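With compact mmCIF, C-alpha atoms inside, this is structure-v3.txt:
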```txt
# COMPACT_ATOMS: atom_id res chain seq x y z
CA MET A 1 114.49 74.47 109.73
CA GLN A 2 117.15 75.82 112.04
CA ILE A 3 114.93 78.73 113.04
CA ARG A 4 111.60 76.89 113.42
CA THR A 5 110.93 77.63 117.07
CA LYS A 6 108.04 80.09 117.24
CA THR A 7 105.57 79.32 114.45
CA MET A 8 102.05 80.76 114.71
CA THR A 9 100.38 78.14 112.52
CA GLU A 10 99.33 75.85 115.40
CA GLY A 11 97.61 76.31 118.74
CA THR A 12 95.23 78.99 120.09
CA PRO A 13 95.47 82.16 117.95
CA TRP A 14 94.98 84.76 120.69
CA LYS A 15 97.76 83.25 122.80
CA HIS A 16 100.23 83.51 119.90
CA ILE A 17 98.99 86.98 119.04
CA LEU A 18 99.21 88.29 122.59
CA LYS A 19 102.61 86.70 123.20
CA PHE A 20 103.96 88.22 120.00
CA SER A 21 102.31 91.62 120.35
CA LEU A 22 103.23 92.39 123.97
CA PRO A 23 106.96 92.85 123.24
CA VAL A 24 106.04 94.90 120.15
CA LEU A 25 103.71 97.01 122.28
CA ALA A 26 106.28 97.39 125.04
CA GLY A 27 108.93 98.36 122.50
CA SER A 28 106.64 100.97 120.96
CA LEU A 29 105.84 102.24 124.45
CA LEU A 30 109.55 102.65 125.18
CA GLN A 31 109.99 104.48 121.90
CA GLN A 32 107.18 106.87 122.76
CA LEU A 33 108.49 107.34 126.28
CA TYR A 34 111.88 108.50 125.13
CA ASN A 35 110.24 110.72 122.49
CA THR A 36 108.12 112.19 125.28
CA VAL A 37 111.11 112.69 127.56
CA ASP A 38 112.89 114.32 124.62
CA THR A 39 109.99 116.76 124.31
CA ILE A 40 109.82 117.41 128.06
CA VAL A 41 113.57 118.09 128.30
CA VAL A 42 113.55 120.44 125.29
CA GLY A 43 110.44 122.27 126.54
CA ARG A 44 111.72 122.73 130.08
CA PHE A 45 115.39 123.46 129.42
CA ALA A 46 115.44 125.03 125.93
CA GLY A 47 112.10 126.86 125.89
CA GLU A 48 108.79 126.83 124.01
CA GLU A 49 110.34 128.00 120.73
CA SER A 50 112.76 125.06 120.74
CA LEU A 51 109.88 122.75 121.57
CA SER A 52 107.95 124.09 118.58
CA ALA A 53 111.00 123.61 116.32
CA VAL A 54 111.44 119.97 117.31
CA GLY A 55 107.72 119.27 117.01
CA THR A 56 107.52 120.83 113.56
CA THR A 57 109.99 118.25 112.19
CA ALA A 58 107.82 115.28 113.13
CA SER A 59 105.60 114.94 110.07
CA PHE A 60 108.34 115.38 107.46
CA ALA A 61 110.76 113.15 109.41
CA PHE A 62 108.11 110.45 109.42
CA MET A 63 107.77 110.79 105.66
CA LEU A 64 111.41 109.67 105.19
CA LEU A 65 111.20 107.05 107.91
CA ALA A 66 108.07 105.66 106.24
CA ILE A 67 110.28 104.29 103.48
CA ALA A 68 112.31 102.32 106.04
CA MET A 69 109.21 101.06 107.82
CA GLY A 70 107.35 100.10 104.65
CA PHE A 71 110.09 98.27 102.78
CA SER A 72 111.40 96.51 105.89
CA ALA A 73 107.84 95.39 106.69
CA GLY A 74 107.49 94.19 103.10
CA ASN A 75 110.67 92.16 103.36
CA GLY A 76 109.56 90.80 106.73
CA ILE A 77 106.24 89.64 105.28
CA VAL A 78 108.01 87.87 102.39
CA VAL A 79 110.35 86.19 104.89
CA ALA A 80 107.37 85.22 107.10
CA GLN A 81 105.59 83.62 104.13
CA ARG A 82 108.69 81.58 103.22
CA TYR A 83 109.10 80.71 106.88
CA GLY A 84 105.51 79.46 107.05
CA ALA A 85 106.20 77.38 103.91
CA GLU A 86 109.36 75.96 105.59
CA ASP A 87 111.65 77.15 102.79
CA GLU A 88 114.88 77.94 104.64
CA GLU A 89 116.88 78.72 101.52
CA GLN A 90 114.43 81.45 100.51
CA VAL A 91 114.23 82.77 104.09
CA ARG A 92 117.98 83.28 104.01
CA ALA A 93 118.11 84.71 100.46
CA ASN A 94 115.30 87.22 101.03
CA ALA A 95 116.77 88.35 104.35
CA SER A 96 120.26 89.08 102.98
CA THR A 97 118.87 90.90 99.95
CA GLY A 98 116.52 92.91 102.16
CA ILE A 99 119.37 94.05 104.40
CA LEU A 100 121.42 95.26 101.43
CA PHE A 101 118.42 97.01 99.87
CA LEU A 102 117.45 98.85 103.07
CA MET A 103 120.99 99.99 103.86
CA ILE A 104 121.33 101.51 100.38
CA LEU A 105 118.00 103.28 100.82
CA GLY A 106 119.13 104.54 104.22
CA VAL A 107 122.17 106.28 102.76
CA ILE A 108 120.06 107.86 100.01
CA MET A 109 117.38 109.11 102.42
CA ALA A 110 119.97 110.55 104.80
CA ALA A 111 121.39 112.63 101.94
CA VAL A 112 117.90 113.71 100.84
CA GLY A 113 117.01 114.84 104.35
CA VAL A 114 120.13 116.99 104.72
CA LEU A 115 119.69 118.60 101.29
CA VAL A 116 115.97 119.41 101.36
CA ALA A 117 115.64 120.50 104.99
CA ARG A 118 115.61 124.26 104.49
CA PRO A 119 113.39 124.51 101.39
CA ALA A 120 110.97 121.95 102.85
CA TYR A 121 110.47 123.72 106.16
CA GLU A 122 110.62 127.25 104.79
CA HIS A 123 108.26 126.80 101.85
CA LEU A 124 106.31 123.54 102.22
CA LEU A 125 105.53 123.74 105.94
CA ASP A 126 105.68 127.54 106.26
CA VAL A 127 107.57 127.33 109.56
CA PRO A 128 107.55 130.64 111.50
CA ALA A 129 110.76 132.61 110.88
CA GLU A 130 111.74 132.73 114.55
CA ILE A 131 112.07 128.93 114.76
CA LEU A 132 113.15 128.12 111.18
CA ASP A 133 116.91 127.89 111.80
CA MET A 134 116.42 125.65 114.83
CA THR A 135 114.04 123.42 112.87
CA VAL A 136 116.51 123.01 110.00
CA LEU A 137 119.42 122.31 112.35
CA TYR A 138 117.51 119.62 114.23
CA PHE A 139 116.28 117.92 111.07
CA ARG A 140 119.66 117.84 109.34
CA ILE A 141 121.32 116.16 112.31
CA TYR A 142 118.36 113.79 112.65
CA SER A 143 118.60 112.87 108.95
CA VAL A 144 122.12 111.49 109.37
CA GLY A 145 120.67 108.96 111.80
CA LEU A 146 118.32 107.62 109.12
CA ILE A 147 121.12 105.25 108.05
CA PHE A 148 120.89 103.56 111.45
CA GLN A 149 117.08 103.64 111.47
CA PHE A 150 116.88 101.87 108.11
CA GLY A 151 119.28 99.20 109.33
CA TYR A 152 117.48 98.73 112.63
CA ASN A 153 114.10 98.44 110.90
CA ILE A 154 115.19 95.66 108.55
CA PHE A 155 116.87 93.65 111.33
CA SER A 156 113.74 93.97 113.48
CA ALA A 157 111.42 93.02 110.59
CA ILE A 158 113.40 89.85 109.87
CA LEU A 159 113.38 88.85 113.53
CA ARG A 160 109.62 89.43 113.79
CA ALA A 161 109.11 87.38 110.62
CA VAL A 162 110.47 84.30 112.39
CA GLY A 163 108.44 84.95 115.53
CA ASP A 164 111.03 86.79 117.63
CA SER A 165 109.29 90.00 118.62
CA ALA A 166 110.83 90.13 122.11
CA ALA A 167 114.28 91.00 120.75
CA THR A 168 113.17 94.43 119.52
CA LEU A 169 112.16 95.28 123.07
CA TYR A 170 115.74 94.78 124.24
CA PHE A 171 117.12 96.99 121.48
CA LEU A 172 114.62 99.75 122.20
CA LEU A 173 115.37 99.55 125.92
CA ILE A 174 119.04 100.23 125.16
CA SER A 175 118.11 103.07 122.83
CA SER A 176 115.58 104.62 125.22
CA VAL A 177 117.83 104.68 128.28
CA LEU A 178 120.72 106.07 126.26
CA ASN A 179 118.56 108.71 124.58
CA ILE A 180 117.11 109.95 127.86
CA GLY A 181 120.54 110.14 129.47
CA LEU A 182 122.09 111.97 126.52
CA ASP A 183 119.10 114.34 126.31
CA LEU A 184 119.66 115.43 129.88
CA LEU A 185 123.42 115.73 129.32
CA PHE A 186 123.36 117.59 126.01
CA VAL A 187 120.32 119.82 126.56
CA ALA A 188 120.03 120.33 130.33
CA VAL A 189 123.76 120.26 131.25
CA PHE A 190 125.66 121.32 128.10
CA ASP A 191 122.86 123.67 126.94
CA TRP A 192 123.16 122.55 123.29
CA GLY A 193 119.46 123.15 122.63
CA VAL A 194 117.77 121.42 119.69
CA GLY A 195 121.14 120.31 118.31
CA GLY A 196 121.84 118.41 121.51
CA ALA A 197 118.44 116.69 121.34
CA ALA A 198 119.13 115.67 117.74
CA PHE A 199 122.60 114.29 118.57
CA ALA A 200 121.11 112.28 121.44
CA THR A 201 118.57 110.74 119.07
CA VAL A 202 121.17 109.79 116.44
CA ILE A 203 123.56 108.22 118.95
CA SER A 204 120.79 106.17 120.56
CA GLN A 205 119.62 104.98 117.13
CA ALA A 206 123.13 103.87 116.27
CA ALA A 207 123.26 101.88 119.52
CA SER A 208 120.01 100.01 118.73
CA PHE A 209 121.27 99.31 115.19
CA VAL A 210 124.49 97.71 116.48
CA ALA A 211 122.64 95.75 119.18
CA ALA A 212 120.14 94.35 116.64
CA TYR A 213 122.89 93.31 114.23
CA ILE A 214 124.91 91.52 116.93
CA TYR A 215 121.84 89.77 118.35
CA MET A 216 120.61 88.51 114.98
CA ARG A 217 123.99 87.02 114.09
CA LYS A 218 124.54 85.37 117.47
CA ARG A 219 120.99 84.08 118.01
CA TYR A 220 120.30 82.77 114.48
CA PRO A 221 123.09 80.99 112.59
CA VAL A 222 120.95 81.12 109.42
CA PHE A 223 121.37 84.90 109.40
CA ARG A 224 125.16 84.93 109.74
CA PHE A 225 125.94 86.36 106.34
CA ALA A 226 129.47 86.86 105.06
CA LEU A 227 130.08 90.21 103.38
CA ARG A 228 130.16 88.59 99.93
CA GLU A 229 126.67 87.17 100.52
CA TYR A 230 125.07 90.62 100.45
CA ARG A 231 124.45 90.45 96.72
CA TRP A 232 121.87 92.35 94.71
CA ASN A 233 119.15 90.00 93.51
CA GLY A 234 116.66 91.85 91.32
CA GLU A 235 113.95 89.22 91.61
CA LEU A 236 114.09 89.13 95.41
CA VAL A 237 114.19 92.93 95.61
CA LYS A 238 111.10 92.93 93.41
CA ASN A 239 109.35 90.62 95.91
CA THR A 240 110.14 93.03 98.74
CA VAL A 241 109.12 96.09 96.72
CA THR A 242 105.88 94.47 95.56
CA VAL A 243 104.76 93.99 99.16
CA GLY A 244 106.61 96.90 100.74
CA PHE A 245 105.92 99.73 98.28
CA PRO A 246 102.19 99.99 99.08
CA ILE A 247 103.05 99.94 102.79
CA SER A 248 105.63 102.70 102.35
CA LEU A 249 103.28 104.67 100.15
CA GLN A 250 100.54 104.32 102.74
CA LEU A 251 102.84 105.72 105.43
CA ILE A 252 104.12 108.47 103.13
CA ILE A 253 100.55 109.49 102.34
CA VAL A 254 99.81 109.60 106.06
CA SER A 255 102.88 111.74 106.73
CA PHE A 256 102.16 113.96 103.71
CA GLY A 257 98.63 114.53 104.96
CA LEU A 258 99.96 115.29 108.44
CA THR A 259 102.40 117.73 106.86
CA PHE A 260 99.47 119.71 105.47
CA ILE A 261 97.75 119.56 108.85
CA GLN A 262 101.01 120.77 110.44
CA ARG A 263 101.01 123.69 107.99
CA ALA A 264 97.49 124.58 109.11
CA VAL A 265 98.64 124.36 112.73
CA ASN A 266 101.61 126.65 112.04
CA GLY A 267 99.17 129.18 110.59
CA PHE A 268 97.72 129.68 114.08
CA GLY A 269 101.14 130.71 115.47
CA LYS A 270 103.86 129.23 117.65
CA VAL A 271 101.58 128.81 120.69
CA MET A 272 99.34 126.43 118.75
CA THR A 273 102.43 124.74 117.28
CA ALA A 274 103.81 124.06 120.75
CA SER A 275 100.42 122.77 121.92
CA PHE A 276 100.09 120.51 118.88
CA THR A 277 103.60 119.12 119.46
CA VAL A 278 102.64 117.93 122.93
CA GLY A 279 99.21 116.76 121.81
CA GLN A 280 100.71 114.62 119.06
CA ARG A 281 103.24 113.08 121.45
CA ILE A 282 100.46 111.97 123.80
CA GLU A 283 98.19 110.93 120.94
CA MET A 284 100.82 108.39 119.90
CA TYR A 285 100.19 106.48 123.15
CA LEU A 286 96.56 106.06 122.14
CA ASN A 287 97.69 104.53 118.84
CA LEU A 288 100.06 101.99 120.37
CA PRO A 289 97.69 98.99 120.63
CA CYS A 290 96.26 99.21 117.11
CA ASN A 291 99.73 99.68 115.55
CA ALA A 292 101.23 96.81 117.55
CA PHE A 293 98.41 94.48 116.58
CA GLN A 294 98.68 95.49 112.94
CA THR A 295 102.34 94.42 113.01
CA THR A 296 101.37 91.21 114.81
CA LEU A 297 98.59 90.30 112.40
CA ALA A 298 100.90 90.90 109.42
CA THR A 299 103.34 88.26 110.71
CA TYR A 300 100.59 85.95 111.99
CA THR A 301 98.77 86.17 108.65
CA GLY A 302 101.95 85.78 106.63
CA GLN A 303 102.88 82.56 108.41
CA ASN A 304 99.38 81.09 108.20
CA TYR A 305 99.05 82.25 104.60
CA GLY A 306 102.26 80.42 103.74
CA ALA A 307 100.89 77.33 105.52
CA ARG A 308 97.51 77.68 103.71
CA LYS A 309 95.50 78.17 106.93
CA LEU A 310 93.26 81.14 106.15
CA ASP A 311 90.51 80.09 108.56
CA ARG A 312 92.99 80.68 111.39
CA VAL A 313 93.47 84.20 110.06
CA LYS A 314 89.77 85.07 110.48
CA GLN A 315 89.78 83.61 113.97
CA GLY A 316 92.86 85.65 114.82
CA VAL A 317 91.25 88.87 113.56
CA ARG A 318 88.23 88.49 115.84
CA GLN A 319 90.34 87.81 118.89
CA THR A 320 92.82 90.57 118.09
CA LEU A 321 90.15 93.27 117.75
CA VAL A 322 88.73 92.44 121.18
CA ILE A 323 92.16 92.79 122.79
CA SER A 324 93.14 95.91 120.79
CA THR A 325 89.89 97.75 121.56
CA GLY A 326 90.05 96.87 125.24
CA MET A 327 93.59 98.21 125.59
CA THR A 328 92.74 101.40 123.71
CA LEU A 329 89.72 102.05 125.95
CA VAL A 330 91.91 101.80 129.05
CA ILE A 331 94.56 104.17 127.66
CA SER A 332 91.88 106.63 126.48
CA ALA A 333 90.34 106.70 129.96
CA VAL A 334 93.73 107.42 131.55
CA VAL A 335 94.46 110.25 129.08
CA TRP A 336 91.00 111.79 129.59
CA ILE A 337 91.24 111.73 133.39
CA PHE A 338 94.84 112.85 133.75
CA ALA A 339 95.17 115.14 130.70
CA GLY A 340 95.84 118.24 132.80
CA ASN A 341 98.53 116.54 134.88
CA ILE A 342 100.21 115.15 131.76
CA ILE A 343 100.30 118.55 130.04
CA SER A 344 101.86 120.21 133.10
CA LEU A 345 105.02 118.13 132.58
CA PHE A 346 105.92 119.93 129.34
CA GLY A 347 106.28 123.50 130.53
CA LEU A 348 103.68 124.95 128.14
CA SER A 349 102.34 128.47 128.50
CA PRO A 350 98.76 128.77 129.86
CA ASP A 351 97.32 129.42 126.38
CA ALA A 352 99.14 126.47 124.82
CA ALA A 353 98.12 124.22 127.73
CA ALA A 354 94.44 125.17 127.25
CA TYR A 355 94.61 124.23 123.56
CA CYS A 356 96.35 120.98 124.43
CA LEU A 357 93.74 119.97 127.01
CA ASP A 358 90.96 120.24 124.42
CA HIS A 359 93.13 118.35 121.92
CA LEU A 360 93.83 115.39 124.23
CA ARG A 361 90.25 114.95 125.42
CA ALA A 362 88.99 114.96 121.86
CA VAL A 363 91.46 112.37 120.57
CA ALA A 364 90.88 110.18 123.63
CA ILE A 365 87.41 109.60 122.19
CA ILE A 366 88.19 109.68 118.47
CA ASN A 367 91.14 107.28 118.43
CA ILE A 368 89.03 104.39 119.73
CA VAL A 369 87.82 104.08 116.13
CA LEU A 370 91.39 103.25 115.02
CA ALA A 371 91.45 100.16 117.25
CA LEU A 372 88.43 98.82 115.35
CA TYR A 373 90.03 98.77 111.91
CA VAL A 374 93.80 99.47 111.81
CA PRO A 375 94.81 95.97 113.06
CA VAL A 376 92.99 94.49 110.04
CA PHE A 377 95.61 96.16 107.81
CA GLY A 378 97.96 93.38 108.94
CA VAL A 379 95.70 90.80 107.28
CA PHE A 380 95.81 92.64 103.96
CA GLN A 381 99.58 93.03 104.17
CA GLY A 382 100.17 89.42 105.18
CA THR A 383 98.16 88.11 102.21
CA GLY A 384 99.82 90.35 99.63
CA HIS A 385 97.01 92.93 99.45
CA SER A 386 99.18 95.79 100.69
CA LEU A 387 97.55 98.22 98.28
CA LEU A 388 94.32 98.29 100.29
CA PRO A 389 95.79 99.96 103.42
CA MET A 390 97.21 102.61 101.09
CA VAL A 391 93.73 103.23 99.66
CA VAL A 392 92.34 103.52 103.19
CA ALA A 393 95.14 105.93 104.14
CA CYS A 394 94.36 108.08 101.10
CA GLY A 395 90.69 108.20 101.99
CA ALA A 396 91.21 108.89 105.68
CA LEU A 397 93.96 111.49 105.33
CA GLY A 398 92.30 113.14 102.37
CA MET A 399 89.17 113.61 104.43
CA ARG A 400 91.14 114.93 107.42
CA VAL A 401 93.01 117.49 105.33
CA LEU A 402 89.86 118.52 103.47
CA VAL A 403 87.81 119.23 106.57
CA THR A 404 90.76 120.95 108.26
CA TYR A 405 91.11 123.51 105.50
CA LEU A 406 87.36 123.88 105.05
CA PHE A 407 86.57 124.62 108.69
CA ARG A 408 89.76 126.00 110.31
CA TYR A 409 88.50 129.61 110.17
CA SER A 410 84.79 128.84 110.35
CA ASP A 411 82.35 129.53 113.17
CA PHE A 412 81.42 125.83 113.14
CA LEU A 413 84.66 124.36 114.52
CA GLY A 414 87.41 126.93 113.98
CA HIS A 415 90.81 125.97 115.36
CA THR A 416 89.36 122.85 117.05
CA ILE A 417 89.18 121.15 113.64
CA ILE A 418 92.93 120.55 114.13
CA TRP A 419 91.98 117.64 116.40
CA TRP A 420 88.33 116.94 115.49
CA ASN A 421 89.30 116.18 111.88
CA GLY A 422 90.03 112.63 113.05
CA ILE A 423 86.37 111.72 113.45
CA PHE A 424 85.81 112.40 109.75
CA GLY A 425 89.01 110.72 108.57
CA PHE A 426 88.97 107.64 110.79
CA GLY A 427 85.27 107.10 110.12
CA THR A 428 86.08 106.99 106.40
CA GLY A 429 88.94 104.53 107.01
CA PHE A 430 86.71 102.29 109.12
CA MET A 431 84.08 101.97 106.38
CA ILE A 432 86.53 101.22 103.55
CA THR A 433 88.44 98.62 105.60
CA TRP A 434 85.42 96.65 106.68
CA ILE A 435 83.74 96.70 103.28
CA PHE A 436 86.84 95.07 101.79
CA TYR A 437 87.38 92.60 104.63
CA LEU A 438 83.78 91.40 104.70
CA SER A 439 83.81 90.98 100.92
CA GLY A 440 86.40 88.19 101.37
CA ARG A 441 88.56 89.46 98.50
CA TRP A 442 91.64 89.43 100.74
CA ARG A 443 91.47 85.61 100.62
CA LYS A 444 92.34 85.63 96.90
CA ASP A 445 95.56 83.66 96.45
CA GLN A 446 98.55 85.86 95.58
CA PHE A 447 101.25 83.60 97.00
CA LYS A 448 104.10 82.72 94.65
```
Translate this structure into structure tokens?
Amino acid sequence: MQIRTKTMTEGTPWKHILKFSLPVLAGSLLQQLYNTVDTIVVGRFAGEESLSAVGTTASFAFMLLAIAMGFSAGNGIVVAQRYGAEDEEQVRANASTGILFLMILGVIMAAVGVLVARPAYEHLLDVPAEILDMTVLYFRIYSVGLIFQFGYNIFSAILRAVGDSAATLYFLLISSVLNIGLDLLFVAVFDWGVGGAAFATVISQAASFVAAYIYMRKRYPVFRFALREYRWNGELVKNTVTVGFPISLQLIIVSFGLTFIQRAVNGFGKVMTASFTVGQRIEMYLNLPCNAFQTTLATYTGQNYGARKLDRVKQGVRQTLVISTGMTLVISAVVWIFAGNIISLFGLSPDAAAYCLDHLRAVAIINIVLALYVPVFGVFQGTGHSLLPMVVACGALGMRVLVTYLFRYSDFLGHTIIWWNGIFGFGTGFMITWIFYLSGRWRKDQFK
């Protein structure tokens, strides 16, 4: 094949996995860094109310983006399976159909985001009146950028499917630098507030979309599609949806559950909302290794599944979990030790900072559990069992939401359940994941 340069079906698994995952991890780190800078700039130059408004959009924004992430991942897994089977014609056909499908979805989701912003934040999330208008403004501008996010996600998924994870790092570097620069210009210099932060995000997303498109065409001749080649193929779309829908649904369930947790947070007032915004931003750093290795194992498993080498998959899982857990322990230690210094960067009030300190030290312990089971989701996705991660997400988020609403006003945990709910939810996810994996049912052949 023209693109057969980085297959994972031969050699030492952990070397392939680490080589593939490091650019994914670095790219995710860049993404979180510019999100963090975005939060710091808004908090310091636009005030705590603006910070709360931007933070409140996170869970619902992720709900729409989940569709892009899920279906692009589904298409990438299908492409990786065909790639492992050395079927270049199907690699090309599935890629072109996936691009068309995701771009159409991007336009639809952008329109949905603009239209539902006010009713969603006013009624569903019960956003405090003093920050409602800012929240709606930010989200509507952000929603326009979903077109670029959908496009970027499908380009990145296709590149990862053929073993090129480093490319996404370059695109995110462009996006991160541009976003930080525009944040400072629009918010700190022009004083555009939350609108400026939203415009900075959309422009930087458009830049990464264009960079990914140009790179894919120049680097891989097999992906140089003429406009007429972007044709709707119902059977190939069905392949992508079959794998991608459970992934999207899993992410939507996660975001929907987080939306209910955000509503509980908002019920404690804008001080808690500001604290939770910062806590969530930092918590994302703790999740970086397990999410990166989930993405890696999905591609690694997809290629080896296509090549009929399932024993290599089990070997890869063992080695991946050692690396993922080790990285998470290091990050957790850093967050625990330097939590106070990190919080001081965001310009929180003393009360909000006190809440945030408790939040970060709790999740530094709790999120270690994620590193012990989330990477295994990649195995289920890569073998066509994408429904299982959705079941785990339902169980974990359902438990988190349940305990949050049961104990938020109790003497037992009170407001601290906002962060301690993770020990109940992630413990549930851990048990379900490992029961299924150890049963061996994921090895059942679903390849077509």
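Between CA of Phe20 in chain A and CA of Ala167 in chain A the interatomic distance comes to 10.7 Å.
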Next on the checklist: Residues near Thr320 in chain A, anyone? I mean within 8 Å using only C-alpha atoms, not counting same-chain ones fewer than 5 positions away, as a ChimeraX atom specification.
Outcome noted: /A:14,17,293,375
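Neighbours of Asn179 in chain A closer than or equal to 9 Å, with only C-alpha atoms counted and sequence neighbours fewer than 2 positions away skipped, come out as Tyr34, Asn35, Val37, Asp38, Ile174, Ser175, Ser176, Val177, Gly181, Leu182, Asp183, Leu184, Ala197, Ala200, Thr201, Val202, Ile203, Ser204 and Gln205 of chain A.
Of the residues under consideration (A:Lys19, A:Ala364, A:Phe62, A:Thr57), A:Phe62 shows the shortest atom-to-atom contact distance to Leu249 in chain A when counting all atoms listed in the file.
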Checklist entry - From the list A:Ala120, A:Leu251, A:Ala157, A:Ala212, which residue is nearest Ser386 in chain A when using only C-alpha atoms? => result A:Leu251
Next on the checklist: Between CA of Arg361 in chain A and CA of Val335 in chain A, what distance in Å does the model show, to one decimal?
Outcome noted: 7.3 Å
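Nearest residue to Gly196 in chain A, choosing from A:Gly76, A:Leu137, A:Ala85, A:Thr383 and counting all atoms listed in the file: A:Leu137.
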Put a box with edges along x, y and z around all the listed atoms of range 373-380 of chain A, pad it by 5 Å on each side, then give me its centre and sizes in Å, one decimal, as JSON.
```
{"center_x": 94.0, "center_y": 95.1, "center_z": 108.5, "size_x": 17.9, "size_y": 18.7, "size_z": 19.1}
```
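Coordinates place CA of Gly302 in chain A at a distance of 25.0 Å from CA of Arg231 in chain A.
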Item to check | Selection as a ChimeraX atom specification: residues within 10 Å of (105.2, 84.5, 106.2), counting only C-alpha atoms | outcome: /A:7-8,75-86,91,161-163,298-307,382-383
Item to check | Nearest candidate to Glu235 in chain A (options A:Asn421, A:Gln90, A:Gly47, A:Asp351; using only C-alpha atoms) | outcome: A:Gln90
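Once Leu29 in chain A and its same-chain neighbours fewer than 6 positions away are set aside, Ser21, Leu22, Pro23, Asn35, Thr36, Thr168, Leu169, Leu172, Leu173, Ser176, Arg281, Ile282, Met284, Tyr285, Leu286, Asn287, Leu288, Pro289, Asn291, Ala292 and Ile331 of chain A remain within 12 Å of it when counting all atoms listed in the file.
Proximity of A:Ala73, A:Leu297, A:Ile343, A:Val189 to Phe45 in chain A, computed with all atoms listed in the file, is greatest for A:Val189.
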Find the residues around Phe268 in chain A up to 12 Å (only C-alpha atoms counted), leave out those fewer than 3 positions away in its own chain, and share them as a tab-separated table (two decimals) with C-alpha atoms, in the frame of the given file.
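out-v7.tsv, written as the output of this step:
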```tsv
chain	number	residue	atom	x	y	z
A	126	ASP	CA	105.68	127.54	106.26
A	127	VAL	CA	107.57	127.33	109.56
A	128	PRO	CA	107.55	130.64	111.50
A	261	ILE	CA	97.75	119.56	108.85
A	262	GLN	CA	101.01	120.77	110.44
A	263	ARG	CA	101.01	123.69	107.99
A	264	ALA	CA	97.49	124.58	109.11
A	265	VAL	CA	98.64	124.36	112.73
A	271	VAL	CA	101.58	128.81	120.69
A	272	MET	CA	99.34	126.43	118.75
A	273	THR	CA	102.43	124.74	117.28
A	274	ALA	CA	103.81	124.06	120.75
A	275	SER	CA	100.42	122.77	121.92
A	276	PHE	CA	100.09	120.51	118.88
A	352	ALA	CA	99.14	126.47	124.82
A	355	TYR	CA	94.61	124.23	123.56
A	408	ARG	CA	89.76	126.00	110.31
A	409	TYR	CA	88.50	129.61	110.17
A	414	GLY	CA	87.41	126.93	113.98
A	415	HIS	CA	90.81	125.97	115.36
A	416	THR	CA	89.36	122.85	117.05
A	418	ILE	CA	92.93	120.55	114.13
```
Checklist entry - Using all atoms listed in the file, which residues sit within 7 Å of range 427-436 of chain A once same-chain residues fewer than 2 positions away are excluded, as a list of chain:residue names? => result A:Tyr373, A:Val392, A:Ala393, A:Gly395, A:Ala396, A:Ile423, A:Phe424, A:Gly425, A:Leu438, A:Ser439, A:Gly440, A:Arg441
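Proximity to Leu124 in chain A was assessed for A:Trp232, A:Ala111, A:Thr259, A:Arg92 counting only C-alpha atoms; the smallest distance is recorded for A:Thr259.
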